[in-house]
Amino acid sequence: MTSRSQILLATLAAIIWFSLLGYRDLFEPDEGRYAEIPREMVASGDWLTPRLNGFKYFEKPALQYWATAAGFVVFGESNATARLWPAIIGFLGALFIWFAGHRLYGRNAGYSGFILTLSGLFYVTLSHIITLDLAVSVFMVMGVGCLALAQSRRDDPAYVRRWMLLGWGALALATLSKGLIGLVLPAGAVFFYSLWQRDWALWKYLHLGKGLLLLLAITAPWFIAVSIKNPEFAHFFFIHEHFDRYISPVGHDRVEPWWFFFANFFLGALPWFFIMLRSIIQPDFHWRGGTRNQFNSERFFWVFSVFVFVFFSFSSSKLPPYILPIFPVLALLAGKRLANENWDKWIRLDGLLMLLMAVGFLASIFMLPQTVTDAFELQVDLHLGPWFYAASALMLLGAIFFFRASRQKLHFLATSGLFVLLSLQMLSWGFQALSPIKSSRLMADAIRPYLQADTKIYSVEIYYPQSLPFYLQRTITLVNYQGEMAMGIELEPERWIKNTGIFKQQWRTTPHAVAVMSQVLYKKFKQQALPMQSIYETSKLIAVVKP
């Protein structure tokens with residue numbers, strides 16, 4: 001496959017990747033939360049202390065908040081701008097796999113890894129929704145990738161130093177994206193790899209002194225500054241959000257069975273599950289320890305992937321995106337195999353997975369009426385049909401091109417990957433049909449005409465609609481609900497209403513007010529003759545205005 005063909009297909013991938021980035025409304029809770037925090041940074045001018053709905057929010061570091069807030073300043077506040085950071089970082093991560101694979105294993109290996117990365121289910125999905133997992137994963141992969149590049153030419157001190165420092169910088173950005181795992185996971189991989197490979201020389205080439213200084217120079221200023229301004233930050237962030245969450249199930253609802261990540265590995269790798277699985281169970285190295293003091297990049301990437309999987313499997317907190325870092329690395333290893341070996345039944349099985357996915361998309365259209373009982377949700381879900389038809393047809397085309405691919409015809413693999421990417425994007429765009437039940441944009445549109453400068457907005461006894469403050473461009477008052485803002489409420493209780501009795505008093509005396517609550521609570525208030533007028537309803541929630 002020529003370089004021109006590779007660049008052309010990569011350009012088409014970029015067009016698909018960034019198209020309609022703002023078409024789908026922000027879904028709750030994550031997208032609303034991670035768009036609102038940077039919006040409040042811009043509105044308040046305080047870029048040091050993250051706040052969610054006005055409350056201090058110290059669960060994660062600030063890098064993605066800064067990047068999104070900067071986007072808001074330059075491009076304005078919108079769905080597309082809110083998703084711009086993960087989309088850009090996701091595409092850059094795939095380009096890095098291409099570059100690293102080219103340097104380590106050859107041009108076609110790198111390009112194959114790029115295609116597999118850019119069309120994997122978890123990677124595509126998490127690059128187009130607003131979470132912090134994509135950025136921390138990509139920066140970690142860049143960190144370990146830079147290490148592999150550096151160690152591949154130990155006879156060139158300047159080359160080693162340059163790539164190692166770039167790797168340390170990437171790990172600093174990973175740490176500023178989501179915390180200590182950005183450093184702990186690569187460090188664990190280095191430790192266990194060096195034991196298995198007996199590569200003791202590796203430690204001499206890590207540039208530990210300069211690297212740690214660079215990492216501290218990038219990360220320490222914000223951690224120190226936010227701790228000085230907010231003395232409660234250090235304990236909450238480092239102890240509660242790291243150690244307590246890892247070792248204890250108390251305080252979160254993320255406890256899952258031991259097989260949780262096995263199932264999510266299968267889903268996340270689709271449609272390239274068998275190619276990636278083979279890179280784990282039949283790697284391109286001998287299981288016995290390698291040649292002493294010689295770097296083996298395949299073994300290192302293998303150790304990194306397995307260590308990430310095992311590390312989170314032992315955690316008391318489990319969420320599907322936690323294992324995202326393994327997919328680009330396995331795509332790189334699989335790309336090497338695709339480029340340099342004859343394709344066997346393992347690889348061909350992924351074509352069957354594409355066919356099953358195409359059938360599954362079609363089956364979903366007919367299963368929805370059987371599984372959704374709520375009339376409102378059913379009406380919304382039925383609008384997904386055309387998008388699922390399109391996604392199914394595109395996945396089928398991807399399977400056809402994949403079956404035609406071979407070692408001499410990587411352009412068929414690339415074309416197959418583009419069809420898979422477009423199929424997954426079609427589903428992503430189609431999920432806009434779920435906006436009435438997954439986003440508060442329509443609710444905000446209904447509320448906005450009733451807003452005045454002094455209008456108070458309440459969220460009463462519900463897990464508040466997290467995208468509502470973003471779309472209304474103002475915070476709301478929580479009534480008898482704390483959730484993830486418990487720490488912030490404890491620090492600033494005056495911003496919160498602890499029961500409905502106080503709320504009813506304020507509602508009666510406030511000249512202009514809007515409230516969001518459950519349908520059940522609304523009926524209760526109406527029975528108590530609390531003056532309310534409905535302005536927007538779903539099957540579960542209702543927005544009311546004081547008449």
# chains A, B, ... in the order shown; residues from 1 in each chain; ligands from 1
>>> closest_atom_pairs(of="range 299-344 of chain A", to="range 88-92 of chain A", cutoff="12 Å", atoms="only C-alpha atoms", output="tab-separated table")
residue	atom	partner	partner_atom	distance
A:Leu324	CA	A:Gly90	CA	11.4
A:Pro325	CA	A:Gly90	CA	11.4
A:Pro328	CA	A:Gly90	CA	10.3
>>> closest_atom_pairs(of="range 255-319 of chain A", to="range 190-202 of chain A", cutoff="9 Å", atoms="only C-alpha atoms", output="tab-separated table")
residue	atom	partner	partner_atom	distance
A:Arg288	CA	A:Trp196	CA	8.0
A:Gly289	CA	A:Gln197	CA	4.9
A:Gly290	CA	A:Gln197	CA	4.8
A:Thr291	CA	A:Gln197	CA	6.8
A:Arg292	CA	A:Arg198	CA	5.0
A:Asn293	CA	A:Asp199	CA	3.9
A:Gln294	CA	A:Asp199	CA	6.0
A:Phe295	CA	A:Asp199	CA	6.6
A:Asn296	CA	A:Gln197	CA	7.7
A:Arg299	CA	A:Tyr193	CA	7.2
A:Phe300	CA	A:Tyr193	CA	5.8
A:Phe301	CA	A:Tyr193	CA	9.0
A:Trp302	CA	A:Tyr193	CA	8.9
A:Val303	CA	A:Tyr193	CA	6.1
A:Phe304	CA	A:Val190	CA	7.8
A:Phe307	CA	A:Phe192	CA	8.5
>>> residues_around(residues="Ser315 in chain A", least_positions_apart="4", cutoff="9 Å", atoms="only C-alpha atoms", output="PyMOL selection string")
chain A and resi 245-249+255+310-311
>>> select_by_dssp(residues="range 437-511 of chain A", states="alpha helix (DSSP H)", output="MDAnalysis selection string")
chainID A and resid 437:438 441:447 468:472 486:491 500:509
>>> residues_around(residues="Lys409 in chain A", least_positions_apart="4", cutoff="8 Å", atoms="only C-alpha atoms", output="ChimeraX atom specification")
/A:1,405,413
>>> atom_distance(atom1="CA of Leu422 in chain A", atom2="CA of Trp387 in chain A")
11.3 Å
>>> residues_around(residues="range 442-447 of chain A", least_positions_apart="2", cutoff="10 Å", atoms="only C-alpha atoms", output="ChimeraX atom specification")
/A:25,435-437,439-440,449-451,457,465,467-473,514-516,535-538,541-545
>>> write_last_selection(atoms="N, CA and C atoms", output="JSON list (two decimals), in the first residue's frame")
[["chain", "number", "residue", "atom", "x", "y", "z"],
["A", 25, "ASP", "N", -26.84, 15.88, 21.46],
["A", 25, "ASP", "CA", -26.83, 16.69, 22.67],
["A", 25, "ASP", "C", -26.00, 16.01, 23.75],
["A", 435, "SER", "N", -32.13, 12.05, 22.99],
["A", 435, "SER", "CA", -31.93, 13.30, 23.72],
["A", 435, "SER", "C", -33.04, 13.63, 24.71],
["A", 436, "PRO", "N", -34.31, 13.41, 24.38],
["A", 436, "PRO", "CA", -35.35, 13.76, 25.35],
["A", 436, "PRO", "C", -35.26, 13.02, 26.67],
["A", 437, "ILE", "N", -34.62, 11.84, 26.69],
["A", 437, "ILE", "CA", -34.53, 11.08, 27.93],
["A", 437, "ILE", "C", -33.09, 11.01, 28.47],
["A", 439, "SER", "N", -30.70, 13.74, 27.85],
["A", 439, "SER", "CA", -30.14, 15.08, 27.91],
["A", 439, "SER", "C", -31.20, 16.06, 28.39],
["A", 440, "SER", "N", -30.75, 17.20, 28.91],
["A", 440, "SER", "CA", -31.67, 18.24, 29.38],
["A", 440, "SER", "C", -31.75, 19.43, 28.42],
["A", 449, "PRO", "N", -37.35, 30.71, 28.24],
["A", 449, "PRO", "CA", -38.21, 31.90, 28.12],
["A", 449, "PRO", "C", -38.72, 32.45, 29.45],
["A", 450, "TYR", "N", -38.68, 31.63, 30.50],
["A", 450, "TYR", "CA", -39.20, 32.06, 31.80],
["A", 450, "TYR", "C", -38.11, 32.64, 32.70],
["A", 451, "LEU", "N", -36.88, 32.66, 32.22],
["A", 451, "LEU", "CA", -35.77, 33.11, 33.06],
["A", 451, "LEU", "C", -35.62, 34.63, 33.04],
["A", 457, "ILE", "N", -33.51, 28.60, 40.21],
["A", 457, "ILE", "CA", -33.80, 27.30, 39.60],
["A", 457, "ILE", "C", -33.48, 26.23, 40.62],
["A", 465, "PRO", "N", -30.42, 16.97, 36.80],
["A", 465, "PRO", "CA", -30.06, 16.89, 35.37],
["A", 465, "PRO", "C", -28.75, 17.63, 35.10],
["A", 467, "SER", "N", -26.76, 18.17, 32.64],
["A", 467, "SER", "CA", -26.51, 19.05, 31.50],
["A", 467, "SER", "C", -27.36, 20.32, 31.55],
["A", 468, "LEU", "N", -28.30, 20.38, 32.48],
["A", 468, "LEU", "CA", -29.19, 21.55, 32.55],
["A", 468, "LEU", "C", -28.43, 22.84, 32.87],
["A", 469, "PRO", "N", -27.52, 22.87, 33.84],
["A", 469, "PRO", "CA", -26.77, 24.11, 34.09],
["A", 469, "PRO", "C", -25.97, 24.56, 32.86],
["A", 470, "PHE", "N", -25.40, 23.61, 32.12],
["A", 470, "PHE", "CA", -24.62, 23.98, 30.94],
["A", 470, "PHE", "C", -25.51, 24.66, 29.90],
["A", 471, "TYR", "N", -26.67, 24.09, 29.62],
["A", 471, "TYR", "CA", -27.54, 24.66, 28.60],
["A", 471, "TYR", "C", -28.21, 25.95, 29.06],
["A", 472, "LEU", "N", -28.45, 26.09, 30.37],
["A", 472, "LEU", "CA", -29.04, 27.33, 30.89],
["A", 472, "LEU", "C", -27.99, 28.39, 31.19],
["A", 473, "GLN", "N", -26.72, 27.95, 31.24],
["A", 473, "GLN", "CA", -25.60, 28.84, 31.53],
["A", 473, "GLN", "C", -25.74, 29.50, 32.90],
["A", 514, "VAL", "N", -38.13, 28.46, 39.07],
["A", 514, "VAL", "CA", -38.34, 27.28, 38.24],
["A", 514, "VAL", "C", -37.84, 26.08, 39.03],
["A", 515, "ALA", "N", -38.50, 24.93, 38.90],
["A", 515, "ALA", "CA", -38.07, 23.73, 39.61],
["A", 515, "ALA", "C", -38.20, 22.51, 38.72],
["A", 516, "VAL", "N", -37.30, 21.56, 38.93],
["A", 516, "VAL", "CA", -37.35, 20.27, 38.24],
["A", 516, "VAL", "C", -37.48, 19.19, 39.32],
["A", 535, "ILE", "N", -44.27, 23.31, 32.56],
["A", 535, "ILE", "CA", -43.80, 23.87, 31.29],
["A", 535, "ILE", "C", -43.05, 22.84, 30.44],
["A", 536, "TYR", "N", -42.70, 21.67, 31.05],
["A", 536, "TYR", "CA", -42.03, 20.62, 30.28],
["A", 536, "TYR", "C", -42.16, 19.32, 31.06],
["A", 537, "GLU", "N", -42.45, 18.23, 30.34],
["A", 537, "GLU", "CA", -42.62, 16.94, 31.01],
["A", 537, "GLU", "C", -41.98, 15.82, 30.20],
["A", 538, "THR", "N", -41.41, 14.84, 30.94],
["A", 538, "THR", "CA", -41.08, 13.54, 30.37],
["A", 538, "THR", "C", -41.85, 12.52, 31.20],
["A", 541, "LEU", "N", -39.77, 13.05, 34.71],
["A", 541, "LEU", "CA", -39.47, 14.36, 35.27],
["A", 541, "LEU", "C", -40.46, 15.40, 34.77],
["A", 542, "ILE", "N", -40.54, 16.48, 35.52],
["A", 542, "ILE", "CA", -41.37, 17.60, 35.11],
["A", 542, "ILE", "C", -40.66, 18.89, 35.53],
["A", 543, "ALA", "N", -40.71, 19.89, 34.66],
["A", 543, "ALA", "CA", -40.20, 21.22, 34.98],
["A", 543, "ALA", "C", -41.39, 22.14, 35.19],
["A", 544, "VAL", "N", -41.36, 22.89, 36.28],
["A", 544, "VAL", "CA", -42.49, 23.76, 36.62],
["A", 544, "VAL", "C", -41.97, 25.17, 36.86],
["A", 545, "VAL", "N", -42.89, 26.13, 36.69],
["A", 545, "VAL", "CA", -42.58, 27.53, 36.93],
["A", 545, "VAL", "C", -43.57, 28.05, 37.96]]
>>> residues_around(residues="Glu298 in chain A", least_positions_apart="6", cutoff="12 Å", atoms="only C-alpha atoms", output="NGL selection string")
:A and (101 or 104-105 or 144-145 or 148-149 or 152 or 193 or 197 or 279-280 or 282-287 or 290 or 304-305 or 329-337)
>>> select_by_dssp(residues="range 314-544 of chain A", states="strand (DSSP E or B)", output="list in words")
Lys456, Ile457, Tyr458, Ser459, Val460, Thr477, Leu478, Val479, Ile497, Ala513, Val514, Ala515, Val516, Met517, Ser518, Gln533, Ser534, Ile535, Tyr536, Glu537, Leu541, Ile542, Ala543 and Val544 of chain A
>>> write_last_selection(atoms="N, CA and C atoms", output="PDB file, in the first residue's frame")
ATOM      1  N   LYS A 456     -34.687  31.913  40.356  1.00  0.00           N
ATOM      2  CA  LYS A 456     -34.001  30.812  41.030  1.00  0.00           C
ATOM      3  C   LYS A 456     -34.455  29.496  40.411  1.00  0.00           C
ATOM      4  N   ILE A 457     -33.515  28.602  40.205  1.00  0.00           N
ATOM      5  CA  ILE A 457     -33.797  27.303  39.598  1.00  0.00           C
ATOM      6  C   ILE A 457     -33.477  26.226  40.621  1.00  0.00           C
ATOM      7  N   TYR A 458     -34.424  25.343  40.869  1.00  0.00           N
ATOM      8  CA  TYR A 458     -34.269  24.293  41.874  1.00  0.00           C
ATOM      9  C   TYR A 458     -34.317  22.915  41.213  1.00  0.00           C
ATOM     10  N   SER A 459     -33.559  21.992  41.762  1.00  0.00           N
ATOM     11  CA  SER A 459     -33.651  20.575  41.442  1.00  0.00           C
ATOM     12  C   SER A 459     -34.024  19.868  42.733  1.00  0.00           C
ATOM     13  N   VAL A 460     -35.220  19.289  42.782  1.00  0.00           N
ATOM     14  CA  VAL A 460     -35.802  18.863  44.053  1.00  0.00           C
ATOM     15  C   VAL A 460     -35.803  17.343  44.196  1.00  0.00           C
ATOM     16  N   THR A 477     -30.037  25.278  42.247  1.00  0.00           N
ATOM     17  CA  THR A 477     -30.017  24.991  43.681  1.00  0.00           C
ATOM     18  C   THR A 477     -30.534  23.582  43.932  1.00  0.00           C
ATOM     19  N   LEU A 478     -29.738  22.770  44.624  1.00  0.00           N
ATOM     20  CA  LEU A 478     -30.120  21.398  44.931  1.00  0.00           C
ATOM     21  C   LEU A 478     -30.956  21.357  46.201  1.00  0.00           C
ATOM     22  N   VAL A 479     -32.002  20.545  46.170  1.00  0.00           N
ATOM     23  CA  VAL A 479     -32.878  20.382  47.330  1.00  0.00           C
ATOM     24  C   VAL A 479     -32.857  18.920  47.754  1.00  0.00           C
ATOM     25  N   ILE A 497     -30.154  23.317  49.892  1.00  0.00           N
ATOM     26  CA  ILE A 497     -31.370  23.263  50.708  1.00  0.00           C
ATOM     27  C   ILE A 497     -31.564  21.828  51.167  1.00  0.00           C
ATOM     28  N   ALA A 513     -39.312  31.734  39.955  1.00  0.00           N
ATOM     29  CA  ALA A 513     -38.658  30.464  40.282  1.00  0.00           C
ATOM     30  C   ALA A 513     -39.065  29.380  39.303  1.00  0.00           C
ATOM     31  N   VAL A 514     -38.128  28.463  39.070  1.00  0.00           N
ATOM     32  CA  VAL A 514     -38.339  27.278  38.237  1.00  0.00           C
ATOM     33  C   VAL A 514     -37.838  26.079  39.030  1.00  0.00           C
ATOM     34  N   ALA A 515     -38.498  24.931  38.899  1.00  0.00           N
ATOM     35  CA  ALA A 515     -38.070  23.729  39.613  1.00  0.00           C
ATOM     36  C   ALA A 515     -38.204  22.513  38.721  1.00  0.00           C
ATOM     37  N   VAL A 516     -37.303  21.556  38.930  1.00  0.00           N
ATOM     38  CA  VAL A 516     -37.347  20.267  38.244  1.00  0.00           C
ATOM     39  C   VAL A 516     -37.479  19.193  39.317  1.00  0.00           C
ATOM     40  N   MET A 517     -38.392  18.268  39.096  1.00  0.00           N
ATOM     41  CA  MET A 517     -38.640  17.230  40.098  1.00  0.00           C
ATOM     42  C   MET A 517     -39.262  16.013  39.431  1.00  0.00           C
ATOM     43  N   SER A 518     -39.489  14.987  40.218  1.00  0.00           N
ATOM     44  CA  SER A 518     -40.147  13.796  39.684  1.00  0.00           C
ATOM     45  C   SER A 518     -41.639  14.055  39.542  1.00  0.00           C
ATOM     46  N   GLN A 533     -46.827  25.581  37.756  1.00  0.00           N
ATOM     47  CA  GLN A 533     -47.364  25.429  36.408  1.00  0.00           C
ATOM     48  C   GLN A 533     -46.365  24.637  35.569  1.00  0.00           C
ATOM     49  N   SER A 534     -46.823  23.543  34.990  1.00  0.00           N
ATOM     50  CA  SER A 534     -45.942  22.685  34.191  1.00  0.00           C
ATOM     51  C   SER A 534     -45.550  23.389  32.899  1.00  0.00           C
ATOM     52  N   ILE A 535     -44.266  23.315  32.555  1.00  0.00           N
ATOM     53  CA  ILE A 535     -43.795  23.875  31.289  1.00  0.00           C
ATOM     54  C   ILE A 535     -43.053  22.836  30.441  1.00  0.00           C
ATOM     55  N   TYR A 536     -42.705  21.675  31.052  1.00  0.00           N
ATOM     56  CA  TYR A 536     -42.030  20.621  30.281  1.00  0.00           C
ATOM     57  C   TYR A 536     -42.159  19.319  31.061  1.00  0.00           C
ATOM     58  N   GLU A 537     -42.451  18.230  30.344  1.00  0.00           N
ATOM     59  CA  GLU A 537     -42.617  16.942  31.012  1.00  0.00           C
ATOM     60  C   GLU A 537     -41.984  15.822  30.200  1.00  0.00           C
ATOM     61  N   LEU A 541     -39.770  13.049  34.713  1.00  0.00           N
ATOM     62  CA  LEU A 541     -39.473  14.360  35.274  1.00  0.00           C
ATOM     63  C   LEU A 541     -40.460  15.403  34.772  1.00  0.00           C
ATOM     64  N   ILE A 542     -40.539  16.482  35.518  1.00  0.00           N
ATOM     65  CA  ILE A 542     -41.367  17.605  35.114  1.00  0.00           C
ATOM     66  C   ILE A 542     -40.664  18.887  35.529  1.00  0.00           C
ATOM     67  N   ALA A 543     -40.710  19.891  34.660  1.00  0.00           N
ATOM     68  CA  ALA A 543     -40.198  21.224  34.981  1.00  0.00           C
ATOM     69  C   ALA A 543     -41.391  22.145  35.186  1.00  0.00           C
ATOM     70  N   VAL A 544     -41.364  22.888  36.275  1.00  0.00           N
ATOM     71  CA  VAL A 544     -42.485  23.765  36.618  1.00  0.00           C
ATOM     72  C   VAL A 544     -41.968  25.171  36.860  1.00  0.00           C
TER      73      VAL A 544
END
>>> atom_distance(atom1="CA of Gly430 in chain A", atom2="CA of Arg404 in chain A")
29.1 Å
>>> residues_around(residues="Pro221 in chain A", least_positions_apart="4", cutoff="12 Å", atoms="only C-alpha atoms", output="list of chain:residue names")
A:Leu48, A:Pro61, A:Ala62, A:Ala172, A:Leu176, A:Leu214, A:Leu215, A:Leu216, A:Ala217, A:Ala225, A:Val226, A:Ser227, A:Ile228
>>> closest_residue(among="A:Leu20, A:Ala14, A:Ile239, A:Leu165", to="Leu118 in chain A", atoms="only C-alpha atoms")
A:Ala14
>>> closest_residue(among="A:Ile323, A:Ile115, A:Ala109, A:Val520", to="Leu185 in chain A", atoms="only C-alpha atoms")
A:Ile323
>>> closest_residue(among="A:Met276, A:Leu362, A:Leu384, A:Leu134", to="Pro321 in chain A", atoms="only C-alpha atoms")
A:Leu134
>>> closest_residue(among="A:Glu232, A:Ala13, A:Lys438, A:Leu427", to="Asp30 in chain A", atoms="only C-alpha atoms")
A:Lys438
